[in-house]
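Undergrad: The following file, upload-v4.tsv, comprises TSV, C-alpha atoms:
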```tsv
chain	number	residue	atom	x	y	z
A	246	MET	CA	64.60	27.36	25.80
A	247	ASP	CA	67.06	29.52	23.87
A	248	LYS	CA	64.80	31.98	22.04
A	249	THR	CA	67.69	33.22	19.90
A	250	ALA	CA	67.17	29.94	17.98
A	251	PHE	CA	64.16	31.67	16.38
A	252	TYR	CA	66.57	34.07	14.64
A	253	LYS	CA	67.67	31.13	12.46
A	254	LEU	CA	64.28	30.96	10.74
A	255	THR	CA	64.08	32.50	7.26
A	256	TYR	CA	61.29	34.85	6.15
A	257	GLY	CA	60.55	37.46	3.53
A	258	LEU	CA	58.94	40.82	4.22
A	259	TYR	CA	55.54	41.65	2.77
A	260	ILE	CA	52.80	44.25	2.94
A	261	VAL	CA	49.34	42.72	3.36
A	262	SER	CA	46.39	44.97	2.59
A	263	THR	CA	42.62	45.00	2.34
A	264	ARG	CA	39.72	47.37	1.75
A	265	PHE	CA	36.52	47.49	3.76
A	266	ASP	CA	33.81	50.12	4.07
A	267	GLY	CA	35.73	52.43	1.73
A	268	ARG	CA	38.92	52.31	3.79
A	269	ASP	CA	42.32	51.07	2.62
A	270	CYS	CA	44.46	49.37	5.26
A	271	GLY	CA	47.73	47.50	5.21
A	272	CYS	CA	50.58	46.30	7.38
A	273	VAL	CA	53.98	44.63	7.20
A	274	VAL	CA	54.14	40.88	7.80
A	275	ASN	CA	56.85	38.24	7.62
A	276	THR	CA	54.68	35.10	7.81
A	277	LEU	CA	53.19	34.98	4.29
A	278	GLU	CA	53.64	31.66	2.51
A	279	GLN	CA	52.24	29.45	-0.21
A	280	VAL	CA	50.70	26.40	1.47
A	281	THR	CA	49.29	24.43	-1.48
A	282	SER	CA	50.01	24.37	-5.18
A	283	GLU	CA	46.88	22.77	-6.72
A	284	PRO	CA	44.91	24.97	-6.32
A	285	PRO	CA	47.27	27.67	-5.04
A	286	LYS	CA	46.52	28.72	-1.45
A	287	MET	CA	48.46	31.13	0.73
A	288	SER	CA	48.49	31.78	4.47
A	289	VAL	CA	49.57	34.57	6.79
A	290	ALA	CA	49.66	34.83	10.61
A	291	ILE	CA	48.74	38.30	11.94
A	292	ASN	CA	48.18	39.73	15.42
A	293	LYS	CA	44.49	39.94	16.33
A	294	ASP	CA	44.93	43.48	17.70
A	295	ASN	CA	46.06	44.57	14.28
A	296	PHE	CA	43.53	46.80	12.50
A	297	THR	CA	44.34	45.32	9.07
A	298	GLU	CA	43.72	41.81	10.42
A	299	GLN	CA	40.29	42.82	11.71
A	300	MET	CA	39.44	44.45	8.38
A	301	ILE	CA	40.53	41.34	6.42
A	302	GLU	CA	38.11	39.26	8.47
A	303	LYS	CA	35.34	41.72	7.58
A	304	SER	CA	36.14	42.05	3.87
A	305	GLY	CA	37.00	38.40	3.22
A	306	TYR	CA	39.83	39.38	0.86
A	307	PHE	CA	43.47	40.33	1.19
A	308	THR	CA	46.32	41.23	-1.12
A	309	ALA	CA	50.04	40.89	-0.49
A	310	VAL	CA	53.17	42.26	-2.13
A	311	ALA	CA	56.70	40.94	-1.67
A	312	LEU	CA	59.02	43.85	-0.83
A	313	THR	CA	62.41	44.16	-2.53
A	314	GLN	CA	65.83	44.95	-1.02
A	315	ASP	CA	65.68	48.56	-2.23
A	316	ALA	CA	62.49	49.24	-0.21
A	317	ASP	CA	62.74	52.53	1.69
A	318	ILE	CA	63.03	52.00	5.45
A	319	ARG	CA	60.39	54.76	5.73
A	320	LEU	CA	57.89	52.63	3.77
A	321	ILE	CA	58.47	49.71	6.14
A	322	GLY	CA	58.19	52.09	9.11
A	323	ASP	CA	54.92	53.60	7.88
A	324	PHE	CA	53.31	50.23	7.14
A	325	GLY	CA	54.94	48.35	10.04
A	326	PHE	CA	54.76	50.75	12.98
A	327	LYS	CA	51.69	52.91	12.36
A	328	SER	CA	48.06	51.76	12.50
A	329	SER	CA	45.61	51.96	9.59
A	330	ARG	CA	43.04	52.73	12.31
A	331	ASP	CA	44.05	56.41	12.19
A	332	THR	CA	46.32	56.73	9.12
A	333	ASP	CA	45.86	56.37	5.37
A	334	LYS	CA	49.16	54.58	4.82
A	335	PHE	CA	48.82	54.51	1.03
A	336	GLU	CA	48.54	58.28	0.72
A	337	ALA	CA	52.30	58.87	0.49
A	338	TYR	CA	53.17	56.01	-1.91
A	339	PRO	CA	52.40	54.98	-5.49
A	340	PHE	CA	49.78	52.24	-5.49
A	341	ALA	CA	47.34	50.41	-7.77
A	342	ARG	CA	44.17	48.36	-7.16
A	343	ASP	CA	43.72	44.68	-7.89
A	344	LEU	CA	40.64	42.77	-9.11
A	345	SER	CA	39.13	42.98	-5.60
A	346	GLY	CA	39.62	46.76	-5.49
A	347	ILE	CA	42.34	46.40	-2.84
A	348	ALA	CA	45.21	48.91	-2.87
A	349	PHE	CA	48.76	47.60	-3.14
A	350	ILE	CA	52.12	49.38	-3.26
A	351	THR	CA	53.72	49.29	-6.73
A	352	GLN	CA	57.25	50.52	-5.94
A	353	SER	CA	60.02	48.34	-4.45
A	354	VAL	CA	57.91	45.21	-4.80
A	355	ALA	CA	58.72	41.94	-6.58
A	356	ALA	CA	55.25	40.40	-6.91
A	357	ARG	CA	51.60	40.75	-5.93
A	358	TYR	CA	49.14	38.08	-4.73
A	359	SER	CA	45.35	38.59	-4.49
A	360	ILE	CA	43.68	36.21	-2.08
A	361	LYS	CA	40.10	35.29	-1.09
A	362	LEU	CA	39.89	34.31	2.58
A	363	THR	CA	38.63	30.72	3.04
A	364	ASP	CA	39.85	29.58	6.47
A	365	LYS	CA	40.91	30.97	9.84
A	366	LEU	CA	42.71	29.37	12.75
A	367	GLY	CA	43.04	31.08	16.13
A	368	LEU	CA	46.55	30.96	17.59
A	369	GLY	CA	46.20	32.86	20.86
A	370	THR	CA	47.57	36.36	20.24
A	371	HIS	CA	47.58	35.80	16.46
A	372	ILE	CA	45.30	34.34	13.82
A	373	MET	CA	46.23	32.28	10.78
A	374	LEU	CA	44.38	33.47	7.68
A	375	VAL	CA	44.27	31.12	4.68
A	376	GLY	CA	42.81	31.71	1.25
A	377	ASP	CA	42.64	30.89	-2.43
A	378	VAL	CA	44.92	32.87	-4.70
A	379	LEU	CA	42.68	34.61	-7.25
A	380	ASP	CA	45.47	36.34	-9.12
A	381	ALA	CA	49.24	36.80	-8.95
A	382	GLU	CA	51.72	38.85	-10.95
A	383	VAL	CA	55.42	39.61	-11.07
A	384	LEU	CA	56.00	43.34	-10.57
A	385	GLY	CA	59.72	43.75	-11.14
A	386	ASP	CA	63.07	42.03	-11.03
A	387	GLY	CA	64.23	43.45	-7.69
A	388	GLU	CA	65.73	40.99	-5.22
A	389	PRO	CA	63.11	39.95	-2.61
A	390	LEU	CA	63.80	41.49	0.80
A	391	THR	CA	64.46	38.90	3.48
A	392	TYR	CA	63.86	39.45	7.17
A	393	ALA	CA	67.58	38.75	7.77
A	394	TYR	CA	68.60	41.45	5.24
A	395	TYR	CA	66.16	43.88	6.87
A	396	HIS	CA	67.79	43.34	10.28
A	397	LEU	CA	71.44	43.04	9.23
A	398	VAL	CA	71.78	45.50	6.36
A	399	LYS	CA	68.88	47.87	6.87
A	400	LYS	CA	69.22	47.80	10.71
A	401	GLY	CA	65.45	47.39	10.94
A	402	VAL	CA	63.61	46.63	14.17
A	403	THR	CA	60.65	44.36	14.99
A	404	PRO	CA	57.29	45.72	16.18
A	405	LYS	CA	55.69	44.31	19.33
A	406	ASN	CA	52.79	42.73	17.40
A	407	ALA	CA	55.07	40.57	15.21
A	408	PRO	CA	55.14	36.77	15.77
A	409	THR	CA	58.92	37.08	16.05
A	410	TYR	CA	59.01	39.92	18.61
A	411	GLN	CA	61.29	39.35	21.61
A	412	LYS	CA	61.67	41.56	24.64
A	413	PRO	CA	65.14	43.17	24.66
A	414	GLY	CA	67.60	40.76	26.25
A	415	ALA	CA	65.02	37.95	26.46
A	416	ARG	CA	66.14	34.33	26.40
B	287	MET	CA	47.59	34.18	-12.90
B	288	ASP	CA	51.36	34.25	-13.33
B	289	LYS	CA	52.53	31.41	-11.09
B	290	THR	CA	56.16	32.51	-11.40
B	291	ALA	CA	55.13	35.25	-8.90
B	292	PHE	CA	55.34	32.51	-6.24
B	293	TYR	CA	59.11	32.32	-6.83
B	294	LYS	CA	59.37	35.75	-5.15
B	295	LEU	CA	58.35	34.34	-1.77
B	296	THR	CA	61.18	33.73	0.71
B	297	TYR	CA	61.56	30.51	2.72
B	298	GLY	CA	64.17	28.58	4.65
B	299	LEU	CA	64.74	24.84	4.36
B	300	TYR	CA	64.12	22.57	7.31
B	301	ILE	CA	63.91	18.91	8.25
B	302	VAL	CA	60.82	18.09	10.30
B	303	SER	CA	60.85	14.79	12.16
B	304	THR	CA	58.85	12.69	14.59
B	305	ARG	CA	58.88	9.27	16.26
B	306	PHE	CA	55.94	6.91	16.57
B	307	ASP	CA	55.69	3.24	17.39
B	308	GLY	CA	59.48	2.99	17.57
B	309	ARG	CA	60.02	4.45	14.09
B	310	ASP	CA	61.95	7.61	13.26
B	311	CYS	CA	60.66	9.63	10.31
B	312	GLY	CA	61.50	12.97	8.82
B	313	CYS	CA	61.17	15.07	5.69
B	314	VAL	CA	62.28	18.36	4.17
B	315	VAL	CA	59.89	21.32	4.40
B	316	ASN	CA	60.06	25.01	3.49
B	317	THR	CA	56.91	26.23	5.31
B	318	LEU	CA	58.09	26.24	8.94
B	319	GLU	CA	57.52	29.52	10.76
B	320	GLN	CA	57.08	31.07	14.19
B	321	VAL	CA	53.47	32.27	14.43
B	322	THR	CA	53.30	33.66	17.97
B	323	SER	CA	55.86	34.92	20.44
B	324	GLU	CA	54.07	34.75	23.82
B	325	PRO	CA	53.95	31.79	24.22
B	326	PRO	CA	56.07	30.70	21.25
B	327	LYS	CA	54.12	28.68	18.69
B	328	MET	CA	55.30	27.37	15.33
B	329	SER	CA	53.46	26.08	12.26
B	330	VAL	CA	54.29	23.98	9.22
B	331	ALA	CA	52.23	23.01	6.16
B	332	ILE	CA	52.89	19.45	4.93
B	333	ASN	CA	51.31	17.25	2.26
B	334	LYS	CA	48.77	14.80	3.69
B	335	ASP	CA	50.22	11.93	1.61
B	336	ASN	CA	53.52	12.43	3.36
B	337	PHE	CA	54.37	9.60	5.77
B	338	THR	CA	56.03	11.95	8.27
B	339	GLU	CA	52.89	14.12	8.35
B	340	GLN	CA	50.74	11.09	9.16
B	341	MET	CA	53.15	10.03	11.90
B	342	ILE	CA	53.17	13.55	13.45
B	343	GLU	CA	49.37	13.39	13.72
B	344	LYS	CA	49.72	10.04	15.52
B	345	SER	CA	52.55	11.04	17.86
B	346	GLY	CA	51.38	14.58	18.63
B	347	TYR	CA	54.95	15.90	18.57
B	348	PHE	CA	57.38	17.13	15.96
B	349	THR	CA	60.89	18.52	15.89
B	350	ALA	CA	62.46	20.76	13.28
B	351	VAL	CA	66.00	21.78	12.40
B	352	ALA	CA	67.01	24.74	10.22
B	353	LEU	CA	69.48	23.56	7.58
B	354	THR	CA	72.62	25.59	6.83
B	355	GLN	CA	74.13	26.56	3.46
B	356	ASP	CA	76.80	23.86	3.73
B	357	ALA	CA	74.16	21.09	3.91
B	358	ASP	CA	75.06	18.20	1.58
B	359	ILE	CA	72.68	17.99	-1.39
B	360	ARG	CA	72.58	14.23	-0.64
B	361	LEU	CA	71.10	14.95	2.82
B	362	ILE	CA	68.36	17.08	1.24
B	363	GLY	CA	67.80	14.40	-1.40
B	364	ASP	CA	67.51	11.61	1.17
B	365	PHE	CA	65.11	13.55	3.41
B	366	GLY	CA	63.27	15.33	0.60
B	367	PHE	CA	62.76	12.69	-2.08
B	368	LYS	CA	62.60	9.37	-0.26
B	369	SER	CA	59.80	8.20	2.05
B	370	SER	CA	60.21	7.28	5.71
B	371	ARG	CA	57.56	4.62	4.96
B	372	ASP	CA	60.28	2.28	3.69
B	373	THR	CA	63.60	3.96	4.64
B	374	ASP	CA	65.35	4.81	7.91
B	375	LYS	CA	66.56	8.22	6.76
B	376	PHE	CA	68.57	8.90	9.92
B	377	GLU	CA	70.73	5.78	9.54
B	378	ALA	CA	73.36	7.50	7.36
B	379	TYR	CA	73.65	10.78	9.31
B	380	PRO	CA	74.75	11.94	12.77
B	381	PHE	CA	71.69	12.64	14.90
B	382	ALA	CA	70.61	13.20	18.51
B	383	ARG	CA	67.28	12.91	20.34
B	384	ASP	CA	65.35	15.74	21.96
B	385	LEU	CA	63.22	15.78	25.14
B	386	SER	CA	60.39	14.01	23.25
B	387	GLY	CA	62.76	11.25	22.09
B	388	ILE	CA	62.55	12.50	18.49
B	389	ALA	CA	65.64	12.14	16.29
B	390	PHE	CA	67.09	15.25	14.66
B	391	ILE	CA	70.11	15.75	12.38
B	392	THR	CA	73.03	17.47	14.15
B	393	GLN	CA	75.28	18.31	11.18
B	394	SER	CA	74.75	21.31	8.85
B	395	VAL	CA	71.97	22.70	11.04
B	396	ALA	CA	71.64	26.12	12.65
B	397	ALA	CA	68.97	25.47	15.28
B	398	ARG	CA	66.50	22.92	16.60
B	399	TYR	CA	62.86	23.40	17.70
B	400	SER	CA	60.83	20.79	19.64
B	401	ILE	CA	57.08	21.22	19.27
B	402	LYS	CA	53.92	19.73	20.81
B	403	LEU	CA	51.08	19.60	18.29
B	404	THR	CA	48.06	21.64	19.45
B	405	ASP	CA	46.08	22.52	16.29
B	406	LYS	CA	45.49	21.29	12.76
B	407	LEU	CA	43.89	22.98	9.77
B	408	GLY	CA	43.05	21.06	6.58
B	409	LEU	CA	44.12	22.86	3.40
B	410	GLY	CA	43.06	20.43	0.65
B	411	THR	CA	46.20	18.56	-0.43
B	412	HIS	CA	48.12	19.80	2.64
B	413	ILE	CA	47.55	20.24	6.35
B	414	MET	CA	48.72	23.07	8.59
B	415	LEU	CA	50.17	21.74	11.85
B	416	VAL	CA	50.56	24.18	14.74
B	417	GLY	CA	52.08	23.61	18.14
B	418	ASP	CA	53.69	24.95	21.28
B	419	VAL	CA	57.47	25.16	21.28
B	420	LEU	CA	58.68	23.04	24.22
B	421	ASP	CA	62.38	23.65	23.64
B	422	ALA	CA	64.70	25.38	21.18
B	423	GLU	CA	68.46	25.57	20.83
B	424	VAL	CA	71.09	27.08	18.57
B	425	LEU	CA	73.23	24.33	17.05
B	426	GLY	CA	75.91	26.23	15.20
B	427	ASP	CA	76.84	29.46	13.51
B	428	GLY	CA	76.32	28.29	9.92
B	429	GLU	CA	74.32	30.57	7.63
B	430	PRO	CA	70.69	29.35	7.38
B	431	LEU	CA	69.93	27.79	4.00
B	432	THR	CA	67.25	29.66	2.07
B	433	TYR	CA	65.03	28.09	-0.57
B	434	ALA	CA	66.42	30.62	-3.09
B	435	TYR	CA	70.03	29.59	-2.30
B	436	TYR	CA	69.05	25.92	-2.63
B	437	HIS	CA	67.67	26.54	-6.13
B	438	LEU	CA	70.22	29.06	-7.41
B	439	VAL	CA	73.49	27.91	-5.90
B	440	LYS	CA	72.86	24.27	-5.08
B	441	LYS	CA	70.74	23.70	-8.24
B	442	GLY	CA	68.21	21.86	-6.13
B	443	VAL	CA	64.81	20.71	-7.37
B	444	THR	CA	61.36	20.68	-5.76
B	445	PRO	CA	59.49	17.44	-4.98
B	446	LYS	CA	55.90	17.00	-6.20
B	447	ASN	CA	54.50	17.03	-2.64
B	448	ALA	CA	55.87	20.51	-1.83
B	449	PRO	CA	53.44	23.45	-1.49
B	450	THR	CA	55.61	25.29	-4.03
B	451	TYR	CA	55.75	22.53	-6.66
B	452	GLN	CA	54.97	23.64	-10.21
B	453	LYS	CA	54.63	21.47	-13.27
B	454	PRO	CA	57.51	22.15	-15.70
B	455	GLY	CA	56.61	25.12	-17.88
B	456	ALA	CA	53.41	25.83	-15.90
B	457	ARG	CA	52.05	29.33	-15.72
```
Would you mind writing the structure in this file as structure tokens?

TA:
Amino acid sequence: MDKTAFYKLTYGLYIVSTRFDGRDCGCVVNTLEQVTSEPPKMSVAINKDNFTEQMIEKSGYFTAVALTQDADIRLIGDFGFKSSRDTDKFEAYPFARDLSGIAFITQSVAARYSIKLTDKLGLGTHIMLVGDVLDAEVLGDGEPLTYAYYHLVKKGVTPKNAPTYQKPGAR
Amino acid sequence: MDKTAFYKLTYGLYIVSTRFDGRDCGCVVNTLEQVTSEPPKMSVAINKDNFTEQMIEKSGYFTAVALTQDADIRLIGDFGFKSSRDTDKFEAYPFARDLSGIAFITQSVAARYSIKLTDKLGLGTHIMLVGDVLDAEVLGDGEPLTYAYYHLVKKGVTPKNAPTYQKPGAR
């Protein structure tokens, strides 16, 4: 198997967040997608070790924003490589709260989706979370950031918990 | 809810295919993704009314190719808007067969993934199919076709069975 074939898949980059027990958490994901249109449902695959994933299962709600090309690499670093277990990631960035009270970043984002968790599917290291979209809004006209643009132009790296992570030099 | 927010999500465009009872079937999807890395698993959400989806459930295997920007709009039309129920879609295009005997298009594709179905999750109108990647290969150096490029540059349209379909003028 040539694992470099996985580099040919196309993704966006998103921050998924939730709030439980008075704590705001969030992390960067690339696997968010709309899976049905009537009614609108979205899904995301997240690592089970991820604190935000565990908090989403507890709260039953999650919110996602689509990042734009002008997103600061520091924002992606803070939300992608630190853990909400011991950091308030939202502290340093402008954010708002949606109808579920969940914090979401308001700068360098193209749109926001507020989702009520309805289904889960275990996938080994990861879990697929699916839910009904309660609300969605466009937040700007910035070009959505793709995973390819993040790697090629922004020279971004992939954290070990990502579905797309590959050991250096792995085939 | 502003449904135009869904246009800010990023996808690629893929042809997913299978073979059952001596018949080759395939269709265009945008929801293919890698969901775990160790071992590699992939998922795709497809409409339940879709003939290829029904045949994947019967065969237990599916194969996907990532289309490239130079893909003929006729290829996308044939695989995206016709049904394998009454058409042999592969007849008009160069194809090969993978280790599972499943046909896949070999022109205007960037990579191929051969998957063994392991899990299913019902999502109302659609179903999420998940499986282990048995084999993957790079098939060329063409730029992967994104859903945004398909709409903007190729002026492509979205079939009614797609997760992203919206009624004209719908909000």

Undergrad: Per residue of range 286-380 of chain A within 7 Å of range 388-408 of chain A, which atom pair is closest and at what distance in Å (one decimal), using all atoms listed in the file, listed by chain and increasing number, as CSV?

TA:
```
residue,atom,partner,partner_atom,distance
A:Asn292,CA,A:Asn406,CA,5.8
A:Ala311,CA,A:Pro389,CA,6.6
A:Leu312,CA,A:Leu390,CA,5.6
A:Thr313,CA,A:Pro389,CA,4.3
A:Gln314,CA,A:Leu390,CA,4.4
A:Phe326,CA,A:Pro404,CA,6.5
A:Ala355,CA,A:Pro389,CA,6.2
```

Undergrad: Any idea what's packed within 10 Å of range 386-391 of chain B, counting only C-alpha atoms, ignoring anything in its chain fewer than 4 positions away? Could you give it as a PyMOL selection string?

TA: chain B and resi 301-306+308-312+345+347-353+361+376+379-382+395+398-402+420-421

Undergrad: Using Å and a single decimal, report how far CA of Gln320 in chain B sits from CA of Glu382 in chain A.

TA: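 Interatomic distance here is 26.9 Å.
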
Undergrad: Would you work out the distance separating CA of Leu403 in chain B from CA of Ser370 in chain B, expressed in Å to one decimal?

TA: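 One can read the CA of Leu403 in chain B to CA of Ser370 in chain B distance as 19.8 Å.
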
Undergrad: Here is a test: counting all atoms listed in the file, which residue of A:Val375, A:Val280, A:Leu344, A:Met287 is nearest to chain B?

TA: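 Ranking A:Val375, A:Val280, A:Leu344, A:Met287 by distance to chain B, first place goes to A:Val280.
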
Undergrad: Distance table requested - chain A against chain B, cut-off 9 Å, only C-alpha atoms: one row per qualifying residue with the closest atom pair and its distance in Å to one decimal, ordered by chain and rising residue number, as a tab-separated table.

TA:
```
residue	atom	partner	partner_atom	distance
A:Met246	CA	B:Asp421	CA	4.8
A:Asp247	CA	B:Glu423	CA	5.2
A:Lys248	CA	B:Ala422	CA	6.7
A:Thr249	CA	B:Val424	CA	7.1
A:Ala250	CA	B:Val424	CA	4.9
A:Phe251	CA	B:Gln320	CA	7.4
A:Tyr252	CA	B:Ala397	CA	9.0
A:Lys253	CA	B:Pro430	CA	6.2
A:Leu254	CA	B:Gly298	CA	6.5
A:Thr255	CA	B:Gly298	CA	4.7
A:Tyr256	CA	B:Tyr297	CA	5.5
A:Gly257	CA	B:Thr296	CA	4.7
A:Leu258	CA	B:Thr296	CA	8.2
A:Thr276	CA	B:Glu319	CA	6.9
A:Leu277	CA	B:Leu295	CA	8.0
A:Glu278	CA	B:Leu295	CA	6.9
A:Gln279	CA	B:Pro449	CA	6.3
A:Val280	CA	B:Pro449	CA	5.0
A:Thr281	CA	B:Pro449	CA	4.3
A:Ser282	CA	B:Pro449	CA	5.1
A:Glu283	CA	B:Thr411	CA	7.6
A:Pro284	CA	B:Gly410	CA	8.5
A:Pro285	CA	B:Pro449	CA	8.3
A:Lys286	CA	B:Leu409	CA	8.0
A:Val289	CA	B:Val321	CA	8.9
A:Ala290	CA	B:Val321	CA	6.0
A:Ile291	CA	B:Val321	CA	8.1
A:Asn292	CA	B:Thr322	CA	8.3
A:Ala311	CA	B:Lys294	CA	6.8
A:Ala355	CA	B:Lys294	CA	6.4
A:Ala356	CA	B:Ala291	CA	5.5
A:Arg357	CA	B:Ala291	CA	7.2
A:Tyr358	CA	B:Ala291	CA	7.8
A:Asp364	CA	B:Leu407	CA	8.4
A:Lys365	CA	B:Leu407	CA	8.5
A:Leu366	CA	B:Leu407	CA	7.1
A:Leu368	CA	B:Thr322	CA	7.3
A:Gly369	CA	B:Thr322	CA	7.7
A:Thr370	CA	B:Thr322	CA	6.7
A:His371	CA	B:Thr322	CA	6.3
A:Ile372	CA	B:Val321	CA	8.5
A:Met373	CA	B:Val321	CA	8.1
A:Val375	CA	B:Leu409	CA	8.4
A:Val378	CA	B:Met287	CA	8.7
A:Leu379	CA	B:Met287	CA	7.5
A:Asp380	CA	B:Met287	CA	4.8
A:Ala381	CA	B:Met287	CA	5.0
A:Glu382	CA	B:Asp288	CA	5.2
A:Val383	CA	B:Ala291	CA	4.9
A:Leu384	CA	B:Ala291	CA	8.3
A:Glu388	CA	B:Lys294	CA	8.2
A:Pro389	CA	B:Lys294	CA	6.2
A:Leu390	CA	B:Thr296	CA	8.2
A:Thr391	CA	B:Thr296	CA	6.7
A:Asn406	CA	B:Ser323	CA	8.9
A:Ala407	CA	B:Thr322	CA	7.6
A:Pro408	CA	B:Thr322	CA	4.2
A:Thr409	CA	B:Ser323	CA	5.8
A:Tyr410	CA	B:Ser323	CA	6.2
A:Gln411	CA	B:Ser323	CA	7.1
```

Undergrad: Could you write out the selected residues, including C-alpha atoms, as a CSV table (one decimal), in the coordinates of the input?

TA:
```csv
chain,number,residue,atom,x,y,z
A,246,MET,CA,64.6,27.4,25.8
A,247,ASP,CA,67.1,29.5,23.9
A,248,LYS,CA,64.8,32.0,22.0
A,249,THR,CA,67.7,33.2,19.9
A,250,ALA,CA,67.2,29.9,18.0
A,251,PHE,CA,64.2,31.7,16.4
A,252,TYR,CA,66.6,34.1,14.6
A,253,LYS,CA,67.7,31.1,12.5
A,254,LEU,CA,64.3,31.0,10.7
A,255,THR,CA,64.1,32.5,7.3
A,256,TYR,CA,61.3,34.8,6.2
A,257,GLY,CA,60.6,37.5,3.5
A,258,LEU,CA,58.9,40.8,4.2
A,276,THR,CA,54.7,35.1,7.8
A,277,LEU,CA,53.2,35.0,4.3
A,278,GLU,CA,53.6,31.7,2.5
A,279,GLN,CA,52.2,29.4,-0.2
A,280,VAL,CA,50.7,26.4,1.5
A,281,THR,CA,49.3,24.4,-1.5
A,282,SER,CA,50.0,24.4,-5.2
A,283,GLU,CA,46.9,22.8,-6.7
A,284,PRO,CA,44.9,25.0,-6.3
A,285,PRO,CA,47.3,27.7,-5.0
A,286,LYS,CA,46.5,28.7,-1.4
A,289,VAL,CA,49.6,34.6,6.8
A,290,ALA,CA,49.7,34.8,10.6
A,291,ILE,CA,48.7,38.3,11.9
A,292,ASN,CA,48.2,39.7,15.4
A,311,ALA,CA,56.7,40.9,-1.7
A,355,ALA,CA,58.7,41.9,-6.6
A,356,ALA,CA,55.2,40.4,-6.9
A,357,ARG,CA,51.6,40.8,-5.9
A,358,TYR,CA,49.1,38.1,-4.7
A,364,ASP,CA,39.8,29.6,6.5
A,365,LYS,CA,40.9,31.0,9.8
A,366,LEU,CA,42.7,29.4,12.8
A,368,LEU,CA,46.6,31.0,17.6
A,369,GLY,CA,46.2,32.9,20.9
A,370,THR,CA,47.6,36.4,20.2
A,371,HIS,CA,47.6,35.8,16.5
A,372,ILE,CA,45.3,34.3,13.8
A,373,MET,CA,46.2,32.3,10.8
A,375,VAL,CA,44.3,31.1,4.7
A,378,VAL,CA,44.9,32.9,-4.7
A,379,LEU,CA,42.7,34.6,-7.2
A,380,ASP,CA,45.5,36.3,-9.1
A,381,ALA,CA,49.2,36.8,-9.0
A,382,GLU,CA,51.7,38.8,-11.0
A,383,VAL,CA,55.4,39.6,-11.1
A,384,LEU,CA,56.0,43.3,-10.6
A,388,GLU,CA,65.7,41.0,-5.2
A,389,PRO,CA,63.1,40.0,-2.6
A,390,LEU,CA,63.8,41.5,0.8
A,391,THR,CA,64.5,38.9,3.5
A,406,ASN,CA,52.8,42.7,17.4
A,407,ALA,CA,55.1,40.6,15.2
A,408,PRO,CA,55.1,36.8,15.8
A,409,THR,CA,58.9,37.1,16.0
A,410,TYR,CA,59.0,39.9,18.6
A,411,GLN,CA,61.3,39.4,21.6
```

Undergrad: Interatomic distance between CA of Thr373 in chain B and CA of Asp335 in chain B?

TA: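 Separation between CA of Thr373 in chain B and CA of Asp335 in chain B: 15.9 Å.
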
Undergrad: Adding 3 Å on each side of the box along x, y and z that holds all listed atoms of range 349-353 of chain B, could you give its centre and edge lengths in Å to one decimal, as JSON?

TA:
```
{"center_x": 65.2, "center_y": 21.6, "center_z": 11.7, "size_x": 14.6, "size_y": 12.2, "size_z": 14.3}
```

Undergrad: When you look at Asp323 in chain A with a cut-off of 9 Å (counting only C-alpha atoms), what residues show up, excluding the ones that are within fewer than 5 positions of it in the same chain? I need them as a list in words.

TA: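 Near neighbours after the sequence-gap exclusion: Cys272, Ile318, Ser328 and Lys334 of chain A.
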
Undergrad: Which residue out of B:Val314, B:Ile362, B:Arg371, B:Asp307 has the minimum interatomic distance to Phe337 in chain B when all atoms listed in the file are used?

TA: B:Arg371
